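my_file.csv, holding CSV, C-alpha atoms:
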chain,number,residue,atom,x,y,z
A,1,MET,CA,73.1,45.6,-25.9
A,2,HIS,CA,71.0,48.5,-24.8
A,3,VAL,CA,71.5,52.3,-24.6
A,4,THR,CA,72.5,53.1,-21.1
A,5,ILE,CA,70.7,55.6,-18.9
A,6,SER,CA,73.8,57.8,-19.0
A,7,GLU,CA,73.7,57.8,-22.8
A,8,ALA,CA,70.0,58.4,-22.8
A,9,GLU,CA,70.4,61.4,-20.6
A,10,ILE,CA,73.2,62.8,-22.9
A,11,ALA,CA,71.0,62.3,-25.9
A,12,ILE,CA,68.0,64.0,-24.3
A,13,GLU,CA,70.2,67.0,-23.2
A,14,ALA,CA,71.7,67.4,-26.7
A,15,ALA,CA,68.2,67.2,-28.3
A,16,ARG,CA,66.8,69.6,-25.7
A,17,LYS,CA,69.6,72.1,-26.5
A,18,LYS,CA,68.8,71.8,-30.3
A,19,ALA,CA,65.1,72.4,-29.6
A,20,VAL,CA,65.9,75.5,-27.6
A,21,GLU,CA,68.2,76.7,-30.4
A,22,LEU,CA,65.3,76.2,-32.9
A,23,GLY,CA,62.8,77.9,-30.6
A,24,THR,CA,60.6,74.8,-30.3
A,25,LYS,CA,59.1,72.9,-27.4
A,26,MET,CA,59.6,69.1,-27.8
A,27,CYS,CA,58.9,65.8,-26.3
A,28,ILE,CA,62.0,63.6,-26.5
A,29,ALA,CA,61.9,59.8,-26.0
A,30,ILE,CA,64.7,57.3,-25.8
A,31,VAL,CA,64.0,53.5,-26.1
A,32,ASP,CA,66.4,50.6,-25.7
A,33,SER,CA,67.0,48.0,-28.3
A,34,GLY,CA,63.9,46.1,-27.2
A,35,ALA,CA,61.8,49.2,-27.8
A,36,ASN,CA,61.2,49.8,-24.1
A,37,LEU,CA,61.1,53.3,-22.8
A,38,LYS,CA,64.5,54.2,-21.2
A,39,ALA,CA,64.1,58.0,-20.7
A,40,PHE,CA,61.7,60.7,-21.6
A,41,HIS,CA,61.7,64.5,-21.4
A,42,ARG,CA,58.8,66.8,-22.0
A,43,MET,CA,59.8,70.5,-22.3
A,44,ASP,CA,57.6,73.0,-20.6
A,45,ASP,CA,54.6,73.8,-22.8
A,46,ALA,CA,55.3,71.0,-25.3
A,47,TRP,CA,52.1,69.5,-26.7
A,48,VAL,CA,50.5,66.7,-24.7
A,49,GLY,CA,49.7,64.9,-28.0
A,50,SER,CA,53.4,64.8,-28.8
A,51,ILE,CA,54.1,62.5,-25.8
A,52,ASP,CA,52.7,59.4,-27.6
A,53,ILE,CA,54.1,60.5,-31.0
A,54,ALA,CA,57.7,60.8,-29.7
A,55,ILE,CA,57.5,57.4,-28.0
A,56,LYS,CA,56.0,55.8,-31.1
A,57,LYS,CA,58.6,57.4,-33.3
A,58,ALA,CA,61.4,56.0,-31.2
A,59,LYS,CA,59.8,52.5,-31.2
A,60,THR,CA,59.2,52.6,-34.9
A,61,ALA,CA,62.9,53.5,-35.5
A,62,VAL,CA,64.2,50.6,-33.4
A,63,PHE,CA,61.6,48.1,-34.7
A,64,PHE,CA,62.9,48.5,-38.2
A,65,GLY,CA,66.4,49.9,-37.7
A,66,MET,CA,65.8,52.9,-39.9
A,67,PRO,CA,64.7,56.5,-39.7
A,68,THR,CA,60.9,56.9,-39.5
A,69,GLY,CA,60.9,59.3,-42.5
A,70,GLN,CA,62.5,56.5,-44.6
A,71,ILE,CA,59.7,54.1,-43.5
A,72,GLY,CA,57.2,56.8,-44.4
A,73,LYS,CA,58.5,56.9,-48.0
A,74,LEU,CA,58.1,53.2,-48.3
A,75,SER,CA,54.6,53.2,-46.7
A,76,GLN,CA,52.9,55.5,-49.2
A,77,PRO,CA,50.1,54.1,-51.4
A,78,GLY,CA,51.6,51.6,-53.8
A,79,GLY,CA,54.8,51.4,-51.7
A,80,SER,CA,56.2,48.1,-50.4
A,81,LEU,CA,55.3,48.9,-46.8
A,82,TYR,CA,51.9,50.5,-47.4
A,83,GLY,CA,49.7,50.2,-44.3
A,84,ILE,CA,52.6,49.3,-42.0
A,85,GLU,CA,51.6,52.1,-39.6
A,86,HIS,CA,48.7,50.0,-38.4
A,87,SER,CA,51.0,47.3,-37.1
A,88,ASN,CA,52.7,47.0,-33.7
A,89,GLU,CA,50.0,48.9,-31.9
A,90,GLY,CA,50.6,51.9,-34.1
A,91,LEU,CA,53.7,53.2,-35.8
A,92,ILE,CA,54.7,56.7,-36.8
A,93,THR,CA,56.1,57.0,-40.3
A,94,PHE,CA,57.1,60.6,-40.7
A,95,PRO,CA,60.5,62.1,-39.6
A,96,GLY,CA,61.6,62.5,-36.1
A,97,GLY,CA,62.6,59.0,-35.1
A,98,LEU,CA,66.1,57.7,-35.5
A,99,PRO,CA,67.9,54.5,-34.5
A,100,ILE,CA,70.9,54.8,-32.2
A,101,VAL,CA,73.8,52.6,-33.3
A,102,ASP,CA,77.0,52.2,-31.2
A,103,LYS,CA,80.6,52.4,-32.3
A,104,GLU,CA,80.6,48.7,-33.2
A,105,GLY,CA,77.5,49.1,-35.5
A,106,VAL,CA,75.1,47.6,-33.0
A,107,LEU,CA,71.6,48.9,-32.7
A,108,VAL,CA,71.3,49.9,-29.0
A,109,GLY,CA,68.1,52.0,-29.1
A,110,ALA,CA,66.4,54.9,-30.7
A,111,ILE,CA,65.3,58.5,-30.2
A,112,GLY,CA,61.9,59.9,-31.0
A,113,VAL,CA,61.1,63.6,-31.0
A,114,SER,CA,57.8,65.4,-31.6
A,115,GLY,CA,56.5,68.9,-31.1
A,116,SER,CA,57.2,71.0,-34.2
A,117,SER,CA,57.5,70.6,-37.9
A,118,VAL,CA,58.9,67.3,-39.2
A,119,GLU,CA,62.0,69.1,-40.3
A,120,ASN,CA,62.6,70.4,-36.7
A,121,ASP,CA,61.7,67.1,-35.2
A,122,HIS,CA,64.3,65.4,-37.4
A,123,ALA,CA,67.0,68.0,-36.6
A,124,VAL,CA,66.4,67.6,-32.9
A,125,ALA,CA,66.4,63.8,-33.1
A,126,GLN,CA,69.6,64.0,-35.1
A,127,ALA,CA,71.3,66.2,-32.5
A,128,GLY,CA,70.3,63.8,-29.7
A,129,GLY,CA,71.1,60.6,-31.4
A,130,SER,CA,74.5,61.7,-32.8
A,131,ALA,CA,75.5,62.8,-29.3
A,132,VAL,CA,75.8,59.1,-28.3
A,133,GLY,CA,76.2,57.2,-31.5
A,134,VAL,CA,75.3,57.3,-35.1
A,135,CYS,CA,71.8,57.1,-36.6
A,136,ASP,CA,72.2,54.7,-39.4
A,137,LEU,CA,72.6,51.0,-39.6
A,138,PRO,CA,74.5,49.4,-42.5
A,139,GLU,CA,72.4,49.3,-45.7
A,140,HIS,CA,69.9,46.5,-46.1
A,141,PRO,CA,69.1,45.4,-49.7
A,142,TRP,CA,65.4,46.1,-49.3
A,143,ARG,CA,65.8,49.7,-48.2
A,144,THR,CA,65.6,52.3,-50.9

Could you write out this file's structure as structure tokens?
Amino acid sequence: MHVTISEAEIAIEAARKKAVELGTKMCIAIVDSGANLKAFHRMDDAWVGSIDIAIKKAKTAVFFGMPTGQIGKLSQPGGSLYGIEHSNEGLITFPGGLPIVDKEGVLVGAIGVSGSSVENDHAVAQAGGSAVGVCDLPEHPWRT
């Protein structure tokens, strides 16, 4: 199953509204469950460099079925995933990428947001992702 274009547009609009509320300019990417770009929105005056980061955050979240910030904690020196950001043609391991899970608990895609502080990126991603599903998969024994 994949996130639909209708769901992707709903997620982008919810994320955009949260970005406006926070006074930020964001790039917002939605990928399907195969990590293929489904929809993208760059707010006026959002950083050009945030385009790639938003897409990579979404891909990272769907590749591993977890928030990018959680992967970041595991990828620190000495961590079990140290160096993982160099795989898959480059991952982003700081907050702003979240999986999108449907009502049945199936991973259908992910949202990635970039353009502000990681706290704002995460809040905007959360607003977008939760508009169409939830942003957590059931716990895996290897996640901490």

Checklist entry - What's the 12 Å shell around Thr93 in chain A, counting only C-alpha atoms, without same-chain residues fewer than 3 positions away, as a PyMOL selection string? => result chain A and resi 53-54+56-61+63-64+66-76+81-87+90+96-98+112+118

Checklist entry - Quick one: residues within 7 Å of Lys25 in chain A, only C-alpha atoms counted, chain neighbours fewer than 6 positions away excluded, as a PyMOL selection string? => result chain A and resi 19+43-46+115

Next on the checklist: Measuring between only C-alpha atoms, which one of A:Val62, A:Gly34, A:Val113, A:Phe94 shows the shortest distance to Gln126 in chain A?
Outcome noted: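 Closest residue, counting only C-alpha atoms: A:Val113.
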
Checklist entry - Using only C-alpha atoms, which of the listed residues (A:Ile111, A:Ile92, A:Val31, A:Met1) sits closest to Ala127 in chain A? => result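 Of A:Ile111, A:Ile92, A:Val31, A:Met1, the one nearest Ala127 in chain A, counting only C-alpha atoms, is A:Ile111.
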
Next on the checklist: Residues within 9 Å of (62.4, 65.7, -21.2), file coordinates, counting only C-alpha atoms: what are they? Give the list as a list of chain:residue names.
Outcome noted: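 Final list of nearby residues, as requested, is A:Ile12, A:Glu13, A:Arg16, A:Met26, A:Cys27, A:Ile28, A:Ala29, A:Ala39, A:Phe40, A:His41, A:Arg42, A:Met43, A:Asp44.
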
Item to check | Residue nearest Lys38 in chain A - candidates A:Ala8, A:Val101, A:Val106, A:Ile55, atoms counted: all atoms listed in the file | outcome: A:Ala8

Next on the checklist: Please determine, counting all atoms listed in the file, which residue among A:Ala110, A:Asn120, A:Ile5, A:Ala11 has the shortest atom-to-atom distance to Ala35 in chain A.
Outcome noted: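 Nearest candidate to Ala35 in chain A out of A:Ala110, A:Asn120, A:Ile5, A:Ala11: A:Ala110.
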
Checklist entry - What is the CA of Glu119 in chain A-CA of Lys18 in chain A distance in Å, reported with one decimal? => result 12.4 Å

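The space between CA of Glu104 in chain A and CA of Val132 in chain A spans 12.5 Å.
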
Next on the checklist: Just the number, please: distance in Å from CA of Glu21 in chain A to CA of Gly109 in chain A, one decimal.
Outcome noted: 24.7 Å

Checklist outcome for this item: In terms of all atoms listed in the file, the residue from A:Asp52, A:Pro77, A:Ser6, A:Ser114 at minimal distance from Ala131 in chain A is A:Ser6

Checklist entry - With all atoms listed in the file as the basis for distance, which of A:Ser33, A:His2, A:Leu22, A:Gly78 is at the shortest distance from Gly65 in chain A? => result A:Ser33

Next on the checklist: as a ChimeraX atom specification, please: the residues near Ser117 in chain A (cut-off 10 Å, only C-alpha atoms, same-chain neighbours under 5 positions excluded).
Outcome noted: /A:24,95-96,122-123
